[in-house]
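Accompanying notes for the structure given below.
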Amino acid sequence: QRGLTLISWIFVLIIVAFCGMFAFAVVPMYAENMYVVKALKALAEPNNNLSEMSNAEINKSLQKFYMINNVRSEGAQNIVIDRKSKNLLITIDYENRINLFYNIDIVTSFQNHLDAENPNKCCKPAVDKRAPSK
């Protein structure tokens with residue numbers, strides 16, 4: 001029973017260091033998206049009459065939540081408010097890109113949708129039942 005050699009230990013340490021670098025890069029992006037989801041859920045609370053709020057009020061409410069929770073991603077600022085004849089759809093779709101090392105980037109893509117008619121299904125893109133499935 002010899003155990004690991006020096007080269008084996010170096011290999012294990014390289015793998016652990018890479019996983020640590022990856023985790024330190026990815027976890028903050030997902031944590032920030034969690035705050036974007038919480039901001040949308042806060043808009044969907046029963047005491048907020050979302051359909052009667054103006055676009056400026058919705059933007060102001062989301063920006064205030066972002067400022068308090070330190071959401072700094074530029075993509076999270078891409079707030080699209082779509083008012084159809086009956087319902088209101090707020091969409092925050094964005095992607096984050098962070099450099100891992102040299103020319104290798106990590107890209108995460110987030111899709112957060114809030115439909116005023118179905119606030120309990122918050123933050124996942126609505127599935128269009130008319131669209132053909134792939």
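FYI, nothing fancy with the structure tokens labels: chains A, B, ... in order, residues from 1 per chain, ligands from 1 as they appear.
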
Inset, instruction - Find the residues near Val107 of chain A: any atom within 9 Å, counting only C-alpha atoms, skip ones fewer than 5 places away on the same chain, and give them as a ChimeraX atom specification. - result: /A:26,95-99

Dump of N, CA, C and O atoms for the selected residues, as a short mmCIF file (atom, residue, chain, number, x, y, z; two decimals), in the first residue's frame:
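Wrote selection.cif, looks like this:
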data_model
loop_
_atom_site.label_atom_id
_atom_site.label_comp_id
_atom_site.auth_asym_id
_atom_site.auth_seq_id
_atom_site.Cartn_x
_atom_site.Cartn_y
_atom_site.Cartn_z
N VAL A 26 -19.11 30.85 -11.24
CA VAL A 26 -20.50 30.55 -11.60
C VAL A 26 -21.49 30.85 -10.46
O VAL A 26 -22.59 31.36 -10.71
N GLU A 95 -27.91 37.14 -20.59
CA GLU A 95 -26.83 36.19 -20.40
C GLU A 95 -25.64 36.90 -19.76
O GLU A 95 -25.40 38.08 -20.00
N ASN A 96 -24.97 36.17 -18.91
CA ASN A 96 -23.77 36.67 -18.24
C ASN A 96 -22.56 35.98 -18.84
O ASN A 96 -22.60 34.79 -19.16
N ARG A 97 -21.51 36.74 -18.99
CA ARG A 97 -20.26 36.18 -19.51
C ARG A 97 -19.14 36.63 -18.57
O ARG A 97 -19.02 37.80 -18.26
N ILE A 98 -18.36 35.66 -18.13
CA ILE A 98 -17.23 35.98 -17.26
C ILE A 98 -16.01 35.20 -17.76
O ILE A 98 -16.13 34.06 -18.19
N ASN A 99 -14.86 35.86 -17.72
CA ASN A 99 -13.64 35.24 -18.18
C ASN A 99 -13.11 34.29 -17.11
O ASN A 99 -12.92 34.69 -15.97
#

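Within segment 65-124 of chain A, DSSP run on the backbone puts these residues in alpha helix (DSSP H): Phe65, Tyr66, Met67 and Ile68 of chain A.
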
Output file for the residues above (C-alpha atoms, as a PDB file, in the first residue's frame):
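Resulting contents of part_18.pdb:
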ATOM      1  CA  PHE A  65     -34.999  45.873  -5.547  1.00  0.00           C
ATOM      2  CA  TYR A  66     -31.824  45.542  -7.631  1.00  0.00           C
ATOM      3  CA  MET A  67     -30.137  48.400  -5.790  1.00  0.00           C
ATOM      4  CA  ILE A  68     -30.984  47.000  -2.353  1.00  0.00           C
TER       5      ILE A  68
END

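With only C-alpha atoms as the atoms that count, the residue of A:Thr5, A:Ser73, A:Ser51, A:Asn33 with the shortest distance to Asn112 of chain A is A:Asn33.
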
Legend entry - Who sits within 8 Å of segment 120-123 of chain A, only C-alpha atoms, same chain under 5 positions skipped, as a ChimeraX atom specification: /A:37,40-41,44,111-115

Could those selected residues go to a file with C-alpha atoms, as a short mmCIF file (atom, residue, chain, number, x, y, z; two decimals), in the first residue's frame?
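Listing of result-v4.cif after writing:
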data_model
loop_
_atom_site.label_atom_id
_atom_site.label_comp_id
_atom_site.auth_asym_id
_atom_site.auth_seq_id
_atom_site.Cartn_x
_atom_site.Cartn_y
_atom_site.Cartn_z
CA VAL A 37 -36.40 36.07 -9.64
CA LEU A 40 -40.27 39.47 -10.10
CA LYS A 41 -41.98 37.47 -7.36
CA ALA A 44 -46.47 39.41 -8.24
CA GLN A 111 -34.88 33.51 -18.89
CA ASN A 112 -37.21 35.06 -16.32
CA HIS A 113 -40.84 35.72 -17.26
CA LEU A 114 -43.73 36.96 -15.15
CA ASP A 115 -47.24 36.65 -16.55
#

Inset, instruction - Show which residues sit within 10 Å of Asp82 of chain A, as a PyMOL selection string. Count only C-alpha atoms, and ignore same-chain residues fewer than 3 positions away. - result: chain A and resi 55+79+85+87-91+115

Inset, instruction - Could you please write out, as a PyMOL selection string, every residue of chain A that DSSP assigns to strand (DSSP E or B)? - result: chain A and resi 79-83+88-101+104-115

Near Ala42 of chain A, counting only C-alpha atoms, which residues have an atom at most 10 Å away, once you skip same-chain residues fewer than 4 positions from it, shown as a compact mmCIF listing (two decimals) with N, CA and C atoms, in the first residue's frame?
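Writing the result to result14.txt gives the following:
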# COMPACT_ATOMS: atom_id res chain seq x y z
N VAL A 36 -32.99 38.43 -9.12
CA VAL A 36 -33.85 38.87 -10.21
C VAL A 36 -35.20 38.15 -10.10
N VAL A 37 -35.17 36.85 -9.82
CA VAL A 37 -36.40 36.07 -9.64
C VAL A 37 -37.18 36.59 -8.44
N LYS A 38 -36.48 36.87 -7.34
CA LYS A 38 -37.17 37.40 -6.15
C LYS A 38 -37.81 38.75 -6.44
N PRO A 46 -49.85 39.67 -3.93
CA PRO A 46 -51.25 40.10 -4.03
C PRO A 46 -51.51 41.57 -3.71
N ASN A 47 -50.71 42.17 -2.82
CA ASN A 47 -50.95 43.58 -2.47
C ASN A 47 -50.52 44.53 -3.58
N ASN A 48 -49.71 44.08 -4.54
CA ASN A 48 -49.35 44.88 -5.71
C ASN A 48 -50.34 44.58 -6.82
N SER A 61 -39.71 49.91 -9.40
CA SER A 61 -39.78 48.89 -8.37
C SER A 61 -38.67 47.85 -8.53
N LEU A 62 -38.46 47.40 -9.78
CA LEU A 62 -37.39 46.43 -10.03
C LEU A 62 -36.02 47.03 -9.76
N PHE A 65 -35.34 47.20 -6.06
CA PHE A 65 -35.00 45.87 -5.55
C PHE A 65 -33.57 45.50 -5.93

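Counting only C-alpha atoms, the residue from A:Ile106, A:Leu100, A:Leu4, A:Met29 that sits nearest to Glu74 of chain A is A:Met29.
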
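Proximity of A:Ser54, A:Gly3, A:Phe22, A:Val71 to Asp105 of chain A, computed with only C-alpha atoms, is greatest for A:Phe22.
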